[in-house]
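Structure file my_file07.cif with mmCIF, C-alpha atoms:
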data_query
loop_
_atom_site.label_atom_id
_atom_site.label_comp_id
_atom_site.auth_asym_id
_atom_site.auth_seq_id
_atom_site.Cartn_x
_atom_site.Cartn_y
_atom_site.Cartn_z
CA MET A 26 0.00 0.00 0.00
CA ASP A 27 2.95 2.32 -0.59
CA ASN A 28 1.41 4.05 -3.61
CA ILE A 29 -1.72 5.32 -1.90
CA LYS A 30 -3.73 7.88 -3.80
CA LYS A 31 -3.39 10.70 -1.31
CA GLU A 32 -5.79 12.90 -3.26
CA LYS A 33 -8.76 10.66 -2.40
CA GLU A 34 -10.87 12.00 0.47
CA PHE A 35 -13.52 10.27 2.58
CA LEU A 36 -16.65 11.44 4.33
CA MET A 37 -18.33 9.25 6.98
CA LEU A 38 -21.96 9.85 7.98
CA PHE A 39 -23.19 8.80 11.43
CA THR A 40 -26.78 9.75 12.25
CA ASP A 41 -27.18 8.64 15.87
CA PRO A 42 -26.34 10.72 18.98
CA HIS A 43 -23.84 8.30 20.54
CA ILE A 44 -20.71 8.36 18.39
CA VAL A 45 -18.57 8.12 21.51
CA TYR A 46 -20.02 4.62 22.04
CA SER A 47 -19.80 3.39 18.45
CA PRO A 48 -16.35 1.76 18.39
CA SER A 49 -16.78 0.25 14.92
CA THR A 50 -17.49 3.66 13.40
CA LEU A 51 -14.54 5.23 15.20
CA ASN A 52 -12.20 2.37 14.30
CA VAL A 53 -13.00 2.74 10.60
CA PHE A 54 -12.66 6.52 10.87
CA TYR A 55 -9.26 6.43 12.56
CA LYS A 56 -7.96 3.75 10.18
CA LEU A 57 -9.00 5.76 7.14
CA LYS A 58 -7.36 8.85 8.65
CA GLU A 59 -4.01 7.02 8.55
CA LEU A 60 -4.30 6.80 4.75
CA PHE A 61 -6.60 9.56 3.53
CA LYS A 62 -8.00 12.93 4.46
CA THR A 63 -11.16 11.82 6.25
CA GLN A 64 -14.06 13.70 7.80
CA LEU A 65 -16.76 12.30 10.07
CA ILE A 66 -20.19 13.93 10.30
CA SER A 67 -22.10 12.92 13.42
CA ALA A 68 -25.25 13.88 15.26
CA ARG A 69 -24.21 15.72 18.39
CA GLN A 70 -23.74 13.47 21.39
CA SER A 71 -26.89 13.13 23.50
CA ASN A 72 -26.40 13.80 27.21
CA TYR A 73 -28.71 10.85 27.83
CA TYR A 74 -25.63 8.67 27.36
CA THR A 75 -22.83 10.95 28.49
CA ASP A 76 -21.74 14.56 28.43
CA LYS A 77 -18.39 13.49 26.97
CA GLU A 78 -17.62 14.40 23.37
CA ILE A 79 -14.72 13.32 21.20
CA VAL A 80 -12.66 16.33 20.22
CA ASP A 81 -11.14 15.90 16.78
CA ASP A 82 -10.67 18.51 14.07
CA ASN A 83 -11.95 15.98 11.53
CA ILE A 84 -15.23 15.31 13.36
CA THR A 85 -18.09 17.71 12.68
CA TYR A 86 -21.12 17.55 14.97
CA ILE A 87 -24.49 18.57 13.63
CA ASP A 88 -27.38 19.77 15.77
CA PHE A 89 -30.14 18.51 13.53
CA ALA A 90 -33.18 20.78 13.27
CA PRO A 91 -35.65 19.76 16.00
CA ALA A 92 -38.79 17.88 15.01
CA ASN A 93 -40.95 20.70 16.39
CA SER A 94 -39.44 23.39 14.15
CA ILE A 95 -41.86 25.88 12.65
CA TYR A 96 -41.59 24.13 9.29
CA ASP A 97 -42.47 20.74 10.76
CA LEU A 98 -45.28 22.15 12.90
CA ILE A 99 -46.91 23.79 9.88
CA LYS A 100 -46.43 20.69 7.77
CA GLY A 101 -47.88 18.46 10.51
CA LEU A 102 -50.91 20.69 10.89
CA PHE A 103 -51.45 20.69 7.12
CA PHE A 104 -51.36 16.88 6.96
CA ARG A 105 -53.74 16.49 9.89
CA ILE A 106 -56.30 18.69 8.15
CA THR A 107 -55.97 17.27 4.66
CA ASP A 108 -55.83 13.65 5.84
CA LYS A 109 -59.34 14.01 7.24
CA PHE A 110 -60.65 14.56 3.74
CA PHE A 111 -58.17 12.64 1.59
CA LYS A 112 -56.80 9.45 3.13
CA PRO A 113 -53.09 9.23 2.21
CA SER A 114 -51.72 6.13 0.53
CA ALA A 115 -49.16 3.89 2.27
CA SER A 116 -46.45 5.21 -0.05
CA LYS A 117 -47.23 8.81 0.90
CA ILE A 118 -47.09 7.99 4.61
CA THR A 119 -43.71 6.29 4.08
CA ALA A 120 -42.43 9.31 2.17
CA ARG A 121 -43.38 11.56 5.09
CA THR A 122 -41.48 9.27 7.47
CA LEU A 123 -38.36 9.29 5.32
CA ASN A 124 -38.30 13.04 4.83
CA ASN A 125 -37.68 14.72 8.16
CA SER A 126 -35.49 17.42 9.67
CA LYS A 127 -32.53 15.09 10.11
CA THR A 128 -32.55 13.67 6.59
CA ARG A 129 -33.07 17.11 5.06
CA ALA A 130 -30.00 18.41 6.91
CA LEU A 131 -27.90 15.44 5.81
CA ILE A 132 -29.02 15.67 2.19
CA ALA A 133 -28.11 19.35 2.09
CA TYR A 134 -24.64 18.49 3.38
CA ILE A 135 -24.11 15.59 0.97
CA LYS A 136 -25.00 17.76 -2.00
CA LYS A 137 -21.97 19.95 -1.28
CA THR A 138 -19.33 17.20 -1.18
CA ASP A 139 -17.35 15.31 -3.80
CA LYS A 140 -15.71 13.03 -1.22
CA GLU A 141 -16.06 9.26 -1.25
CA ILE A 142 -18.80 8.48 1.25
CA ILE A 143 -19.17 5.82 3.94
CA ALA A 144 -22.73 5.76 5.24
CA VAL A 145 -23.28 4.18 8.65
CA ASP A 146 -26.58 2.29 8.39
CA PHE A 147 -29.51 2.88 6.10
CA MET A 148 -30.78 6.35 6.99
CA ALA A 149 -27.43 7.83 5.97
CA LEU A 150 -27.33 5.62 2.86
CA TRP A 151 -30.83 6.69 1.82
CA CYS A 152 -29.77 10.35 2.09
CA VAL A 153 -26.85 9.62 -0.23
CA GLN A 154 -29.24 7.95 -2.66
CA GLN A 155 -31.52 11.00 -2.69
CA VAL A 156 -28.63 13.06 -4.03
CA GLY A 157 -27.98 10.53 -6.80
CA LYS A 158 -24.63 9.42 -5.38
CA GLN A 159 -23.14 6.12 -4.22
CA ALA A 160 -21.58 5.14 -0.90
CA HIS A 161 -19.96 2.33 1.02
CA LEU A 162 -22.29 1.00 3.72
CA LEU A 163 -21.04 0.32 7.24
CA SER A 164 -23.86 -1.86 8.55
CA LEU A 165 -24.13 -1.88 12.34
CA GLU A 166 -27.82 -2.05 13.29
CA ILE A 167 -30.53 -4.05 11.52
CA ASN A 168 -33.86 -2.53 12.52
CA GLN A 169 -37.21 -4.23 12.07
CA ASN A 170 -39.33 -2.73 9.28
CA ASP A 171 -36.74 -0.05 8.58
CA PRO A 172 -38.29 2.19 5.89
CA TYR A 173 -34.85 3.42 4.82
CA TYR A 174 -33.62 -0.12 4.18
CA GLN A 175 -36.84 -0.91 2.31
CA ASN A 176 -36.26 2.03 -0.04
CA ILE A 177 -32.59 1.45 -0.91
CA LYS A 178 -31.49 0.52 -4.42
CA LEU A 179 -28.61 -1.92 -4.67
CA SER A 180 -26.96 0.34 -7.22
CA THR A 181 -26.44 2.95 -4.47
CA ILE A 182 -24.03 0.64 -2.62
CA LYS A 183 -20.35 0.53 -3.58
CA SER A 184 -19.53 -2.04 -0.90
CA VAL A 185 -20.69 -3.24 2.50
CA ILE A 186 -18.79 -3.67 5.76
CA ILE A 187 -20.80 -6.03 7.97
CA GLN A 188 -20.27 -8.28 11.00
CA SER A 189 -21.19 -11.67 9.52
CA LYS A 190 -22.25 -13.52 6.39
CA GLU A 191 -25.51 -14.36 8.13
CA ARG A 192 -26.38 -10.70 8.55
CA LEU A 193 -25.35 -10.01 4.95
CA ASP A 194 -27.70 -12.75 3.69
CA TYR A 195 -30.53 -11.30 5.76
CA LEU A 196 -30.14 -7.85 4.22
CA PHE A 197 -29.33 -9.05 0.72
CA PRO A 198 -30.97 -12.48 0.26
CA SER A 199 -30.40 -12.66 -3.50
CA GLU A 200 -28.08 -10.27 -5.31
CA LYS A 201 -25.28 -9.03 -3.08
CA PRO A 202 -22.96 -6.04 -3.27
CA LYS A 203 -19.22 -6.30 -2.77
CA TYR A 204 -18.80 -7.06 0.93
CA PHE A 205 -16.24 -7.29 3.72
CA ILE A 206 -16.75 -9.14 7.01
CA VAL A 207 -15.49 -6.99 9.89
CA GLN A 208 -16.65 -7.92 13.36
CA ASN A 209 -17.61 -5.29 15.94
CA ALA A 210 -14.23 -5.69 17.61
CA PRO A 211 -11.29 -3.46 18.56
CA LYS A 212 -7.75 -3.82 17.28
CA ASN A 213 -5.87 -6.47 19.21
CA ILE A 214 -3.66 -4.99 21.95
CA ASP A 215 -0.61 -7.23 22.24
CA PHE A 216 -0.01 -7.75 25.95
CA VAL A 217 -0.30 -10.57 28.49
CA PRO A 218 -2.85 -9.83 31.22
CA VAL A 219 -1.81 -10.70 34.77
CA TYR A 220 -4.52 -13.29 35.29
CA ASN A 221 -3.45 -14.42 38.75
CA GLN A 222 -3.77 -10.93 40.23
CA ARG A 223 -7.50 -10.69 39.53
CA GLU A 224 -9.82 -10.87 42.52
CA LYS A 225 -12.30 -13.73 42.10
CA THR A 226 -15.18 -11.53 43.23
CA ASN A 227 -14.41 -8.57 40.95
CA LEU A 228 -17.01 -8.53 38.13
CA LEU A 229 -17.49 -6.06 35.29
CA TYR A 230 -20.39 -4.64 33.30
CA CYS A 231 -18.85 -2.76 30.37
CA GLY A 232 -20.86 -0.61 27.95
CA SER A 233 -24.13 1.32 28.08
CA ALA A 234 -25.97 0.63 31.35
CA VAL A 235 -29.43 0.72 29.77
CA PHE A 236 -32.20 -1.47 31.13
CA GLY A 237 -32.52 -3.58 28.00
CA PHE A 238 -28.89 -4.68 28.27
CA GLY A 239 -29.34 -6.61 31.49
CA ILE A 240 -28.07 -4.15 34.09
CA ILE A 241 -30.96 -4.94 36.49
CA SER A 242 -30.15 -8.67 36.49
CA CYS A 243 -26.50 -7.87 37.23
CA LEU A 244 -27.53 -5.67 40.17
CA ASP A 245 -29.89 -8.34 41.47
CA PHE A 246 -27.06 -10.86 41.32
CA ILE A 247 -24.74 -8.91 43.58
CA LYS A 248 -27.66 -8.29 45.95
CA ASP A 249 -28.16 -12.04 46.17
CA TYR A 250 -24.46 -12.95 46.35
CA LYS A 251 -22.87 -10.47 48.70
CA GLU A 252 -19.31 -11.69 48.21
CA TYR A 253 -19.19 -10.11 44.73
CA THR A 254 -18.61 -6.54 43.59
CA LEU A 255 -19.66 -5.09 40.23
CA THR A 256 -18.05 -2.23 38.35
CA VAL A 257 -20.16 -0.50 35.69
CA LYS A 258 -17.87 1.03 33.08
CA GLY A 259 -19.40 3.09 30.28
CA ALA A 260 -22.45 5.19 29.48
CA PHE A 261 -24.64 5.67 32.56
CA PRO A 262 -28.05 7.10 31.62
CA LYS A 263 -29.90 9.25 34.12
CA ASP A 264 -32.89 6.90 34.36
CA THR A 265 -30.56 4.03 35.30
CA GLU A 266 -28.96 6.26 37.91
CA GLN A 267 -32.39 7.07 39.36
CA VAL A 268 -33.36 3.40 39.66
CA ILE A 269 -30.05 2.54 41.34
CA ASN A 270 -30.40 5.41 43.81
CA GLU A 271 -33.94 4.32 44.68
CA PHE A 272 -33.62 0.53 44.79
CA TYR A 273 -29.91 -0.34 44.96
CA ALA A 274 -28.43 2.47 47.07
CA ASP A 275 -27.20 -0.11 49.60
CA LEU A 276 -24.84 -1.54 46.97
CA LEU A 277 -23.30 1.90 46.47
CA ALA A 278 -23.03 2.49 50.21
CA GLU A 279 -21.32 -0.89 50.71
CA LYS A 280 -18.98 -0.14 47.77
CA ARG A 281 -20.05 -3.38 46.08
CA LEU A 282 -21.32 -1.35 43.12
CA ILE A 283 -18.84 1.03 41.51
CA VAL A 284 -19.98 3.33 38.71
CA ASP A 285 -17.18 4.62 36.47
CA ASN A 286 -18.25 6.58 33.39
CA GLU A 287 -14.87 8.19 32.67
CA TYR A 288 -14.19 7.96 28.95
CA LEU A 289 -11.00 6.06 28.07
CA SER A 290 -9.14 5.54 24.82
CA GLU A 291 -9.32 2.08 23.29
CA THR A 292 -5.89 1.09 24.64
CA GLU A 293 -6.60 2.54 28.08
CA LEU A 294 -9.93 0.71 28.22
CA THR A 295 -8.32 -2.60 27.25
CA HIS A 296 -5.85 -2.40 30.13
CA PHE A 297 -8.56 -1.20 32.54
CA VAL A 298 -10.86 -4.13 31.67
CA SER A 299 -7.98 -6.61 32.05
CA LYS A 300 -8.01 -6.06 35.83
CA PHE A 301 -11.41 -7.76 36.21
CA ARG A 302 -12.26 -11.43 36.67
CA ILE A 303 -15.35 -11.93 34.47
CA GLY A 304 -17.41 -9.65 32.21
CA PHE A 305 -21.18 -9.63 31.62
CA ALA A 306 -22.85 -9.19 28.21
CA PHE A 307 -26.63 -9.56 28.37
CA TYR A 308 -29.84 -8.68 26.58
CA ASP A 309 -32.91 -8.61 28.83
CA PHE A 310 -35.42 -10.28 26.51
CA TYR A 311 -37.78 -11.11 29.39
CA ARG A 312 -38.41 -7.54 30.53
CA PHE A 313 -37.98 -5.98 27.08
CA GLY A 314 -39.62 -8.16 24.45
CA HIS A 315 -38.99 -5.63 21.69
CA LEU A 316 -35.33 -6.71 21.76
CA LYS A 317 -36.27 -10.14 20.40
CA THR A 318 -35.11 -9.29 16.90
CA PHE A 319 -32.69 -10.63 14.32
CA ASN A 320 -30.38 -7.73 15.12
CA TYR A 321 -29.80 -8.77 18.73
CA PHE A 322 -29.95 -12.51 18.12
CA THR A 323 -27.09 -12.41 15.60
CA ALA A 324 -24.73 -9.57 16.53
CA PRO A 325 -22.61 -9.80 19.68
CA SER A 326 -22.16 -6.37 21.19
CA GLY A 327 -18.82 -4.63 21.13
CA LYS A 328 -18.37 -5.22 24.86
CA VAL A 329 -17.90 -8.95 24.20
CA PHE A 330 -14.87 -8.29 22.02
CA GLN A 331 -13.57 -5.71 24.48
CA TYR A 332 -13.59 -8.40 27.18
CA LEU A 333 -11.79 -10.82 24.87
CA ASN A 334 -9.17 -8.24 23.96
CA SER A 335 -8.47 -7.89 27.69
CA GLY A 336 -8.35 -11.65 28.28
CA VAL A 337 -11.52 -11.57 30.38
CA PRO A 338 -13.94 -14.53 30.20
CA VAL A 339 -17.52 -13.61 29.25
CA ILE A 340 -20.94 -14.61 30.55
CA GLY A 341 -23.70 -13.88 28.04
CA ASN A 342 -27.10 -14.99 26.78
CA LYS A 343 -27.46 -18.26 24.92
CA LEU A 344 -27.82 -16.67 21.48
CA GLN A 345 -26.77 -17.55 17.96
CA GLY A 346 -24.49 -14.52 17.81
CA PHE A 347 -22.78 -15.58 21.04
CA ASP A 348 -22.24 -19.25 20.15
CA PHE A 349 -18.54 -18.72 19.49
CA ILE A 350 -18.03 -17.84 23.17
CA GLU A 351 -18.61 -21.45 24.20
CA GLU A 352 -17.13 -22.91 21.01
CA LYS A 353 -13.83 -21.19 21.78
CA LYS A 354 -14.20 -21.85 25.54
CA CYS A 355 -13.73 -18.19 26.41
CA GLY A 356 -16.90 -17.91 28.49
CA LYS A 357 -20.28 -19.40 29.36
CA LEU A 358 -23.79 -18.76 28.04
CA ILE A 359 -26.97 -18.90 30.12
CA GLY A 360 -30.48 -19.75 28.97
CA TYR A 361 -32.20 -16.97 30.91
CA LEU A 362 -31.25 -14.15 33.25
CA SER A 363 -31.31 -15.12 36.90
CA SER A 364 -28.91 -14.99 39.82
CA LEU A 365 -28.75 -18.78 39.96
CA GLN A 366 -27.88 -19.04 36.26
CA ILE A 367 -25.19 -16.35 36.57
CA LYS A 368 -23.68 -18.03 39.65
CA SER A 369 -23.62 -21.40 37.90
CA ALA A 370 -21.78 -19.85 34.92
CA ILE A 371 -19.26 -18.15 37.23
CA ASP A 372 -18.58 -21.43 39.03
CA ALA A 373 -18.08 -23.27 35.73
CA ILE A 374 -15.52 -20.69 34.58
CA GLU A 375 -13.74 -20.74 37.94
CA ASN A 376 -13.30 -24.52 37.67
CA ASP A 377 -10.81 -23.88 34.82
CA TYR A 378 -10.26 -20.14 34.99
CA LEU A 379 -6.82 -19.80 33.42
CA THR A 380 -7.93 -21.77 30.35
CA TYR A 381 -10.99 -19.57 29.86
CA ALA A 382 -8.94 -16.40 30.33
CA ALA A 383 -6.15 -17.46 27.96
CA ASN A 384 -8.73 -18.55 25.37
CA ALA A 385 -10.39 -15.13 25.61
CA LYS A 386 -7.17 -13.37 24.72
CA LYS A 387 -6.49 -15.90 21.95
CA ALA A 388 -9.97 -15.33 20.47
CA ALA A 389 -9.27 -11.59 20.27
CA LEU A 390 -6.62 -12.33 17.64
CA THR A 391 -9.26 -13.99 15.44
CA TYR A 392 -11.38 -10.84 15.41
CA ASP A 393 -8.58 -8.25 15.36
CA PHE A 394 -9.96 -5.12 13.68
CA ASN A 395 -6.74 -4.26 11.84
CA THR A 396 -6.64 -7.69 10.22
CA MET A 397 -10.34 -7.77 9.32
CA ILE A 398 -10.47 -4.24 7.84
CA GLN A 399 -7.39 -4.69 5.63
CA PRO A 400 -9.24 -6.18 2.60
CA PHE A 401 -11.57 -3.15 2.57
CA LEU A 402 -8.62 -0.76 2.72
CA ASP A 403 -6.95 -2.59 -0.15
CA TYR A 404 -10.19 -2.27 -2.11
CA VAL A 405 -10.59 1.50 -1.67
CA VAL A 406 -6.91 2.12 -2.35
CA ALA A 407 -6.96 0.23 -5.64
#

Reformat the file's structure so that it appears as structure tokens.
Amino acid sequence: MDNIKKEKEFLMLFTDPHIVYSPSTLNVFYKLKELFKTQLISARQSNYYTDKEIVDDNITYIDFAPANSIYDLIKGLFFRITDKFFKPSASKITARTLNNSKTRALIAYIKKTDKEIIAVDFMALWCVQQVGKQAHLLSLEINQNDPYYQNIKLSTIKSVIIQSKERLDYLFPSEKPKYFIVQNAPKNIDFVPVYNQREKTNLLYCGSAVFGFGIISCLDFIKDYKEYTLTVKGAFPKDTEQVINEFYADLLAEKRLIVDNEYLSETELTHFVSKFRIGFAFYDFYRFGHLKTFNYFTAPSGKVFQYLNSGVPVIGNKLQGFDFIEEKKCGKLIGYLSSLQIKSAIDAIENDYLTYAANAKKAALTYDFNTMIQPFLDYVVA
């Protein structure tokens, strides 16, 4: 790759308000920056997740026009009146959904650029299509009944970066674009964790502490088994904080629950996580049935690969996307969320802890971001 075309420039489009917690997007961005002039457009970080914001001259944050702008209020009032007399067709209702303040702002921005575009998920890709351009698709989330996905033409897509062949086949069951399999994993940090210095009772919940991701079951576990402590590392929404203060304040007072939402670089986070004994990665399908979707069944969250990179065994749900955890003996999977199930998984790992921990670090090599992204880089350089 010595003869890289330095004149090529890239523009990445990220439409959600949590770029700080989208490691795949940031990994692609930083890798491209090593080779090309690259800009990332992102929705401004929502303080629901964190008040931290990545400061980078090549990241531009957009405060998208609010949904209750004067334009949208007038338009909404007009539709409410006319719809009483003329029932809109399904296609017209879809068109109204697609065209909103966020997509209008993105489309206006895309019109002004000649850069090669990487669209993160289908809303951004649809905006590119509206301007008559093409883009590479970085597919992270697969949403049920996504109107943007349903209105994409294959000809808009230059290539796809996606976590698995299974997810590719779901999105493109017949004709497929050029594709690259890149798991939602960090670059491998080459170090040997000090496994024998980890406290057996020191557990970790890494990532966004939202209710749907099993935080309540983790809190219930350390209530039931008082010998354990739990550190929550990552985004800590205010509603989660309120529930903890109301129902789990004793865990904070006893210092068996530690909340740490300081933002760390990828390398810093890897070494931080390596101090813990076991990491949790759950989806709470029982309390939140809307999570029972193809997206969550097939895509292990980034926290799983963060644990592996740190040589930390994982306990997760028994899901298709998590099967490799038991296949590679780097953790245990449980059939449902309960304190008894979690304790049983911990005990199974502890029976052969050093093997599980070493296998976790070994598995990280398989999913190393730098290795997996290289074919895509070769493709865009050519």

Explicit residues for the PyMOL selection byres ((chain A and resi 319) around 9) (as a PyMOL selection string): chain A and resi 167-169+192+195+316-318+320-324

Determine the residue membership of the PyMOL selection byres ((chain A and resi 234) around 12) for the file above and supply it as number ranges by chain. A: 46, 73-75, 229-233, 235-244, 256-266, 268-269, 284-286, 305-309, 328

Rounded to one decimal, what separation in Å do you get between atom CA of A:Phe401 and atom CA of A:Phe205?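 Calculated distance between atom CA of A:Phe401 and atom CA of A:Phe205 is 6.3 Å.
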
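With only C-alpha atoms as the atoms that count, the residue of A:Lys77, A:Arg281, A:Lys137, A:Lys158 with the shortest distance to A:Lys178 is A:Lys158.
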
Mind giving me the straight-line distance from atom CA of A:His43 to atom CA of A:Phe297 in Å, one decimal? 21.6 Å

Near A:Ala385, within 9 Å and counting all atoms listed in the file, which residues show up once chain neighbours fewer than 5 positions away are dropped, as a PyMOL selection string? chain A and resi 330+332-339+350+353-356+380

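Once A:Glu34 and its same-chain neighbours fewer than 5 positions away are set aside, Phe61, Lys62, Thr63, Lys140 and Glu141 of chain A remain within 8 Å of it when counting only C-alpha atoms.
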
Mind giving me the straight-line distance from atom CA of A:Val406 to atom CA of A:Phe35 in Å, one decimal?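 Going from atom CA of A:Val406 over to atom CA of A:Phe35, I get 11.6 Å.
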
Run through the PyMOL selection byres ((chain A and resi 51) around 12) on the given coordinates and return the selected residues as an MDAnalysis selection string. chainID A and resid 37:39 43:50 52:58 63:67 79 81 83:84 145 163 209:212 290:291 394

For A:Ile143: contacts at 6 Å, all atoms listed in the file, fewer than 6 positions along chain excluded, given as a PDB file with C-alpha atoms, keeping the file's coordinate frame:
ATOM      1  CA  MET A  37     -18.330   9.250   6.980  1.00  0.00           C
ATOM      2  CA  ALA A 160     -21.580   5.140  -0.900  1.00  0.00           C
ATOM      3  CA  HIS A 161     -19.960   2.330   1.020  1.00  0.00           C
ATOM      4  CA  LEU A 162     -22.290   1.000   3.720  1.00  0.00           C
TER       5      LEU A 162
END

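Between A:Glu375 and the candidates A:Glu32, A:Asp146, A:Glu293, A:Glu224, the tightest atom-to-atom separation, counting only C-alpha atoms, involves A:Glu224.
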
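Of the listed residues A:Asp171, A:Asp403, A:Glu271, A:Glu166, the one whose atoms come nearest to A:Gln188 is A:Glu166, with distances taken using all atoms listed in the file.
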
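For the residues A:Lys127, A:Lys33, A:Lys190, A:Lys387, ranking by smallest atom-to-atom distance to A:Ile87 using all atoms listed in the file places A:Lys127 first.
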
Restricting the calculation to all atoms listed in the file, which member of A:Ile187, A:Leu36, A:Ile247, A:Ile371 is positioned closest to A:Ile135? A:Leu36

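Remark: for A:Leu123, the closest of the candidate residues A:Phe246, A:Phe310, A:Tyr404, A:Phe147 is A:Phe147 (distances computed over all atoms listed in the file).
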
So which residues fall inside 8 Å of (-40.8, 4.0, 8.0) if we count only C-alpha atoms? Mind giving them as a PyMOL selection string? chain A and resi 119+122-123+170-173
